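So the structure is just underneath, and the comments pick up after that.
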Amino acid sequence: MTAEPGPRRRSLAGLALILAAVAAALWLPRWWENRLYRQAEKIAGVGAPVLSGSLTDARKKIDPGMPSKKVIAAIGRPSLSLHTDGSSTHDIWTYYYADGTMIVNLTDDVTQKISVDYHPPRIPTSARR
């Protein structure tokens, strides 16, 4: 017997590799596009939760100058948050309530500005179904 596989076995192995490469070429781009789309949706706040309670009650519990930990203890985690790093850190926390939206701006984990909008929140939805 010879140690080398026959030509038929090598042909089948080559065919299997070609089929795997074609399948990867068809599947990977779509998988990557869907992954990027889900990340973009997350950044845009698609499906962000509407919190229980009222905007007025939540606003009364926090003030500028409060550390971020006290804000979270007082009104909970935001519906949507954005964070940037640099020489100082900046955060934008968005709280959605049925009666409006509150945006809390933080610099270096300290509340700087609180803005409110007394209109029902406009939460984006996914374009893909």
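By convention in this document, the chains of the structure tokens carry letters A, B, ... by their order, each chain's residues are numbered from 1, and ligands are numbered from 1 in the order they are shown.
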If you run DSSP on the backbone here, which positions in chain A get alpha helix (DSSP H)? Please write them as a PyMOL selection string. chain A and resi 7-44+55-60+68-75
Shell of 12 Å around A:Thr84, only C-alpha atoms, local chain residues under 2 positions omitted, as a list in words: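 Near neighbours after the sequence-gap exclusion: Ser81, Leu82, Gly86, Ser87, Ser88, Thr89, His90, Asp91, Ile92, Trp93, Asn105, Leu106, Thr107, Asp108 and Asp109 of chain A.
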Proximity check stretch 45-88 of chain A to stretch 111-127 of chain A, 8 Å, nearest pairs one decimal Å, only C-alpha atoms, as JSON lines:
{"residue": "A:Gly45", "atom": "CA", "partner": "A:Pro124", "partner_atom": "CA", "distance": 6.6}
{"residue": "A:Val46", "atom": "CA", "partner": "A:Pro124", "partner_atom": "CA", "distance": 4.9}
{"residue": "A:Gly47", "atom": "CA", "partner": "A:Thr125", "partner_atom": "CA", "distance": 6.0}
{"residue": "A:Ala48", "atom": "CA", "partner": "A:Ile123", "partner_atom": "CA", "distance": 6.7}
{"residue": "A:Leu55", "atom": "CA", "partner": "A:Tyr118", "partner_atom": "CA", "distance": 7.9}
{"residue": "A:Asp63", "atom": "CA", "partner": "A:Thr111", "partner_atom": "CA", "distance": 7.4}
{"residue": "A:Pro64", "atom": "CA", "partner": "A:Thr111", "partner_atom": "CA", "distance": 4.9}
{"residue": "A:Gly65", "atom": "CA", "partner": "A:Thr111", "partner_atom": "CA", "distance": 5.0}
{"residue": "A:Met66", "atom": "CA", "partner": "A:Thr111", "partner_atom": "CA", "distance": 5.3}
{"residue": "A:Pro67", "atom": "CA", "partner": "A:Thr111", "partner_atom": "CA", "distance": 6.1}
{"residue": "A:Ser68", "atom": "CA", "partner": "A:Thr111", "partner_atom": "CA", "distance": 6.7}
Determine the nearest neighbour of A:Leu80 from the options A:Val110, A:Asp99, A:Ser52, A:Lys42, counting only C-alpha atoms. A:Lys42
Would you work out the distance separating atom CA of A:Gly100 from atom CA of A:Pro78, expressed in Å to one decimal?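 Calculated distance between atom CA of A:Gly100 and atom CA of A:Pro78 is 13.5 Å.
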